[in-house]
Amino acid sequence: QALLVESGGGLVQPGGSLRLSCAAPKYTVDYYTIGWFRQAPGKEREGVACITSSTSSDGATYYVDSAKGRFTMSKDNVNSTVYLHMNNLKPEDTGTYYCARTKERTPVPCTRTRDFAAWGQGTQVTVSS
């Protein structure tokens with residue numbers, strides 16, 4: 001299965017912003033829910049934000065409580081790319097960020113990481129002064 005490819009991570013000071021990109025195979029965003037996940041050192045991977053496919057609740061988004069009001073997920077259907085705009089970053093946002101798509105075309109809760117596939121290699125986000 002073709003993997004998704006993340007980019008855009010980096011080192012940023014607290015309060016700063018980053019935009020992560022996730023390039024997906026053509027039509028992926030049309031048929032699958034795409035999620036952004038974060039894994040901090042020593043912690044399990046957690047769902048941060050998800051966006052539904054164009055064929056199911058077209059672009060409805062979900063955010064983990066810690067991301068609400070600071071992160072915005074969007075997608076470009078033409079280029080099959082998904083973005084995570086992160087504002088007012090905090091040190092606890094530090095981690096490796098991954099994107100993935102659901103294994104099936106049916107939407108699943110963003111918290112169910114086991115139901116996602118085609119994981120990319122991740123992009124590192126470090127929030128530190």
# chains A, B, ... in the order shown; residues from 1 in each chain; ligands from 1
>>> select_by_dssp(residues="range 1-128 of chain A", states="strand (DSSP E or B)", output="PyMOL selection string")
chain A and resi 5-7+10-12+18-23+34-39+46-51+61-63+71-76+81-86+95-102+116-117+123-127
>>> select_by_dssp(residues="range 1-122 of chain A", states="alpha helix (DSSP H)", output="number ranges by chain")
A: 28-31
>>> write_last_selection(atoms="N, CA and C atoms", output="PDB file, in the first residue's frame")
ATOM      1  N   THR A  28      -6.983   9.525  -2.346  1.00  0.00           N
ATOM      2  CA  THR A  28      -7.054   9.044  -0.965  1.00  0.00           C
ATOM      3  C   THR A  28      -7.982   9.904  -0.132  1.00  0.00           C
ATOM      4  N   VAL A  29      -7.847  11.241  -0.256  1.00  0.00           N
ATOM      5  CA  VAL A  29      -8.663  12.124   0.579  1.00  0.00           C
ATOM      6  C   VAL A  29     -10.123  12.099   0.152  1.00  0.00           C
ATOM      7  N   ASP A  30     -10.374  11.576  -1.045  1.00  0.00           N
ATOM      8  CA  ASP A  30     -11.756  11.480  -1.510  1.00  0.00           C
ATOM      9  C   ASP A  30     -12.494  10.328  -0.840  1.00  0.00           C
ATOM     10  N   TYR A  31     -11.772   9.307  -0.449  1.00  0.00           N
ATOM     11  CA  TYR A  31     -12.432   8.075   0.013  1.00  0.00           C
ATOM     12  C   TYR A  31     -12.111   7.678   1.443  1.00  0.00           C
TER      13      TYR A  31
END
>>> residues_around(residues="Glu6 in chain A", least_positions_apart="3", cutoff="12 Å", atoms="only C-alpha atoms", output="count of residues only")
28
>>> decode(residues="range 88-103 of chain A", atoms="all heavy atoms", output="PDB file, in the first residue's frame")
ATOM      1  N   ASN A  88       0.063  28.864  18.345  1.00  0.00           N
ATOM      2  CA  ASN A  88       0.261  28.941  19.800  1.00  0.00           C
ATOM      3  C   ASN A  88       0.820  27.619  20.336  1.00  0.00           C
ATOM      4  O   ASN A  88       0.289  27.047  21.300  1.00  0.00           O
ATOM      5  CB  ASN A  88      -1.054  29.293  20.488  1.00  0.00           C
ATOM      6  CG  ASN A  88      -0.871  29.629  21.955  1.00  0.00           C
ATOM      7  OD1 ASN A  88       0.225  29.968  22.386  1.00  0.00           O
ATOM      8  ND2 ASN A  88      -1.929  29.492  22.728  1.00  0.00           N
ATOM      9  N   LEU A  89       1.885  27.163  19.715  1.00  0.00           N
ATOM     10  CA  LEU A  89       2.463  25.878  20.095  1.00  0.00           C
ATOM     11  C   LEU A  89       3.021  25.905  21.506  1.00  0.00           C
ATOM     12  O   LEU A  89       3.540  26.928  21.974  1.00  0.00           O
ATOM     13  CB  LEU A  89       3.543  25.478  19.095  1.00  0.00           C
ATOM     14  CG  LEU A  89       2.982  24.944  17.777  1.00  0.00           C
ATOM     15  CD1 LEU A  89       4.035  25.004  16.672  1.00  0.00           C
ATOM     16  CD2 LEU A  89       2.481  23.518  17.947  1.00  0.00           C
ATOM     17  N   LYS A  90       2.915  24.771  22.161  1.00  0.00           N
ATOM     18  CA  LYS A  90       3.361  24.615  23.534  1.00  0.00           C
ATOM     19  C   LYS A  90       4.400  23.504  23.610  1.00  0.00           C
ATOM     20  O   LYS A  90       4.416  22.616  22.753  1.00  0.00           O
ATOM     21  CB  LYS A  90       2.170  24.261  24.425  1.00  0.00           C
ATOM     22  CG  LYS A  90       1.041  25.279  24.371  1.00  0.00           C
ATOM     23  CD  LYS A  90      -0.146  24.828  25.215  1.00  0.00           C
ATOM     24  CE  LYS A  90      -1.283  25.841  25.146  1.00  0.00           C
ATOM     25  NZ  LYS A  90      -2.441  25.409  25.977  1.00  0.00           N
ATOM     26  N   PRO A  91       5.258  23.505  24.620  1.00  0.00           N
ATOM     27  CA  PRO A  91       6.251  22.435  24.745  1.00  0.00           C
ATOM     28  C   PRO A  91       5.624  21.042  24.739  1.00  0.00           C
ATOM     29  O   PRO A  91       6.234  20.098  24.209  1.00  0.00           O
ATOM     30  CB  PRO A  91       6.918  22.752  26.082  1.00  0.00           C
ATOM     31  CG  PRO A  91       6.799  24.235  26.220  1.00  0.00           C
ATOM     32  CD  PRO A  91       5.452  24.561  25.630  1.00  0.00           C
ATOM     33  N   GLU A  92       4.439  20.905  25.268  1.00  0.00           N
ATOM     34  CA  GLU A  92       3.794  19.590  25.287  1.00  0.00           C
ATOM     35  C   GLU A  92       3.311  19.137  23.909  1.00  0.00           C
ATOM     36  O   GLU A  92       2.868  18.002  23.757  1.00  0.00           O
ATOM     37  CB  GLU A  92       2.619  19.571  26.279  1.00  0.00           C
ATOM     38  CG  GLU A  92       1.634  20.702  26.116  1.00  0.00           C
ATOM     39  CD  GLU A  92       1.915  21.862  27.052  1.00  0.00           C
ATOM     40  OE1 GLU A  92       3.109  22.216  27.237  1.00  0.00           O
ATOM     41  OE2 GLU A  92       0.947  22.424  27.597  1.00  0.00           O
ATOM     42  N   ASP A  93       3.405  19.992  22.923  1.00  0.00           N
ATOM     43  CA  ASP A  93       3.092  19.590  21.548  1.00  0.00           C
ATOM     44  C   ASP A  93       4.282  18.894  20.875  1.00  0.00           C
ATOM     45  O   ASP A  93       4.151  18.371  19.758  1.00  0.00           O
ATOM     46  CB  ASP A  93       2.702  20.804  20.704  1.00  0.00           C
ATOM     47  CG  ASP A  93       1.413  21.463  21.166  1.00  0.00           C
ATOM     48  OD1 ASP A  93       0.462  20.739  21.495  1.00  0.00           O
ATOM     49  OD2 ASP A  93       1.375  22.713  21.200  1.00  0.00           O
ATOM     50  N   THR A  94       5.398  18.875  21.558  1.00  0.00           N
ATOM     51  CA  THR A  94       6.594  18.240  21.005  1.00  0.00           C
ATOM     52  C   THR A  94       6.367  16.754  20.757  1.00  0.00           C
ATOM     53  O   THR A  94       5.780  16.069  21.593  1.00  0.00           O
ATOM     54  CB  THR A  94       7.781  18.432  21.958  1.00  0.00           C
ATOM     55  OG1 THR A  94       8.099  19.832  22.008  1.00  0.00           O
ATOM     56  CG2 THR A  94       9.001  17.657  21.495  1.00  0.00           C
ATOM     57  N   GLY A  95       6.849  16.286  19.621  1.00  0.00           N
ATOM     58  CA  GLY A  95       6.733  14.878  19.293  1.00  0.00           C
ATOM     59  C   GLY A  95       6.912  14.646  17.805  1.00  0.00           C
ATOM     60  O   GLY A  95       7.105  15.603  17.037  1.00  0.00           O
ATOM     61  N   THR A  96       6.832  13.397  17.428  1.00  0.00           N
ATOM     62  CA  THR A  96       6.850  13.047  16.016  1.00  0.00           C
ATOM     63  C   THR A  96       5.407  12.987  15.528  1.00  0.00           C
ATOM     64  O   THR A  96       4.583  12.304  16.123  1.00  0.00           O
ATOM     65  CB  THR A  96       7.544  11.702  15.776  1.00  0.00           C
ATOM     66  OG1 THR A  96       8.859  11.753  16.307  1.00  0.00           O
ATOM     67  CG2 THR A  96       7.617  11.402  14.279  1.00  0.00           C
ATOM     68  N   TYR A  97       5.128  13.703  14.457  1.00  0.00           N
ATOM     69  CA  TYR A  97       3.775  13.773  13.917  1.00  0.00           C
ATOM     70  C   TYR A  97       3.676  12.890  12.677  1.00  0.00           C
ATOM     71  O   TYR A  97       4.505  12.988  11.765  1.00  0.00           O
ATOM     72  CB  TYR A  97       3.411  15.216  13.581  1.00  0.00           C
ATOM     73  CG  TYR A  97       3.072  16.036  14.806  1.00  0.00           C
ATOM     74  CD1 TYR A  97       4.051  16.394  15.716  1.00  0.00           C
ATOM     75  CD2 TYR A  97       1.769  16.438  15.055  1.00  0.00           C
ATOM     76  CE1 TYR A  97       3.746  17.119  16.854  1.00  0.00           C
ATOM     77  CE2 TYR A  97       1.448  17.182  16.193  1.00  0.00           C
ATOM     78  CZ  TYR A  97       2.440  17.506  17.074  1.00  0.00           C
ATOM     79  OH  TYR A  97       2.121  18.234  18.204  1.00  0.00           O
ATOM     80  N   TYR A  98       2.664  12.060  12.668  1.00  0.00           N
ATOM     81  CA  TYR A  98       2.422  11.143  11.574  1.00  0.00           C
ATOM     82  C   TYR A  98       1.047  11.410  10.964  1.00  0.00           C
ATOM     83  O   TYR A  98       0.130  11.840  11.666  1.00  0.00           O
ATOM     84  CB  TYR A  98       2.426   9.687  12.054  1.00  0.00           C
ATOM     85  CG  TYR A  98       3.686   9.230  12.730  1.00  0.00           C
ATOM     86  CD1 TYR A  98       3.889   9.406  14.091  1.00  0.00           C
ATOM     87  CD2 TYR A  98       4.691   8.580  11.994  1.00  0.00           C
ATOM     88  CE1 TYR A  98       5.042   8.973  14.720  1.00  0.00           C
ATOM     89  CE2 TYR A  98       5.849   8.133  12.615  1.00  0.00           C
ATOM     90  CZ  TYR A  98       6.011   8.336  13.972  1.00  0.00           C
ATOM     91  OH  TYR A  98       7.161   7.897  14.579  1.00  0.00           O
ATOM     92  N   CYS A  99       0.924  11.126   9.687  1.00  0.00           N
ATOM     93  CA  CYS A  99      -0.421  11.103   9.105  1.00  0.00           C
ATOM     94  C   CYS A  99      -0.690   9.686   8.599  1.00  0.00           C
ATOM     95  O   CYS A  99       0.247   8.925   8.299  1.00  0.00           O
ATOM     96  CB  CYS A  99      -0.595  12.135   8.000  1.00  0.00           C
ATOM     97  SG  CYS A  99       0.455  11.943   6.558  1.00  0.00           S
ATOM     98  N   ALA A 100      -1.951   9.354   8.545  1.00  0.00           N
ATOM     99  CA  ALA A 100      -2.362   8.021   8.119  1.00  0.00           C
ATOM    100  C   ALA A 100      -3.805   8.106   7.632  1.00  0.00           C
ATOM    101  O   ALA A 100      -4.518   9.078   7.911  1.00  0.00           O
ATOM    102  CB  ALA A 100      -2.241   7.025   9.262  1.00  0.00           C
ATOM    103  N   ARG A 101      -4.229   7.089   6.928  1.00  0.00           N
ATOM    104  CA  ARG A 101      -5.614   7.029   6.473  1.00  0.00           C
ATOM    105  C   ARG A 101      -6.287   5.819   7.122  1.00  0.00           C
ATOM    106  O   ARG A 101      -5.633   4.882   7.560  1.00  0.00           O
ATOM    107  CB  ARG A 101      -5.682   6.883   4.948  1.00  0.00           C
ATOM    108  CG  ARG A 101      -5.050   5.620   4.402  1.00  0.00           C
ATOM    109  CD  ARG A 101      -5.640   5.254   3.060  1.00  0.00           C
ATOM    110  NE  ARG A 101      -4.980   4.098   2.462  1.00  0.00           N
ATOM    111  CZ  ARG A 101      -5.310   2.842   2.740  1.00  0.00           C
ATOM    112  NH1 ARG A 101      -6.261   2.564   3.630  1.00  0.00           N
ATOM    113  NH2 ARG A 101      -4.688   1.852   2.120  1.00  0.00           N
ATOM    114  N   THR A 102      -7.601   5.859   7.167  1.00  0.00           N
ATOM    115  CA  THR A 102      -8.326   4.720   7.708  1.00  0.00           C
ATOM    116  C   THR A 102      -8.117   3.490   6.834  1.00  0.00           C
ATOM    117  O   THR A 102      -7.890   3.584   5.635  1.00  0.00           O
ATOM    118  CB  THR A 102      -9.831   5.020   7.783  1.00  0.00           C
ATOM    119  OG1 THR A 102     -10.259   5.610   6.550  1.00  0.00           O
ATOM    120  CG2 THR A 102     -10.139   5.970   8.929  1.00  0.00           C
ATOM    121  N   LYS A 103      -8.131   2.325   7.457  1.00  0.00           N
ATOM    122  CA  LYS A 103      -7.954   1.074   6.714  1.00  0.00           C
ATOM    123  C   LYS A 103      -9.125   0.841   5.758  1.00  0.00           C
ATOM    124  O   LYS A 103      -8.951   0.307   4.657  1.00  0.00           O
ATOM    125  CB  LYS A 103      -7.844  -0.098   7.679  1.00  0.00           C
ATOM    126  CG  LYS A 103      -6.563  -0.102   8.499  1.00  0.00           C
ATOM    127  CD  LYS A 103      -6.517  -1.293   9.425  1.00  0.00           C
ATOM    128  CE  LYS A 103      -5.225  -1.293  10.239  1.00  0.00           C
ATOM    129  NZ  LYS A 103      -5.177  -2.423  11.200  1.00  0.00           N
TER     130      LYS A 103
END
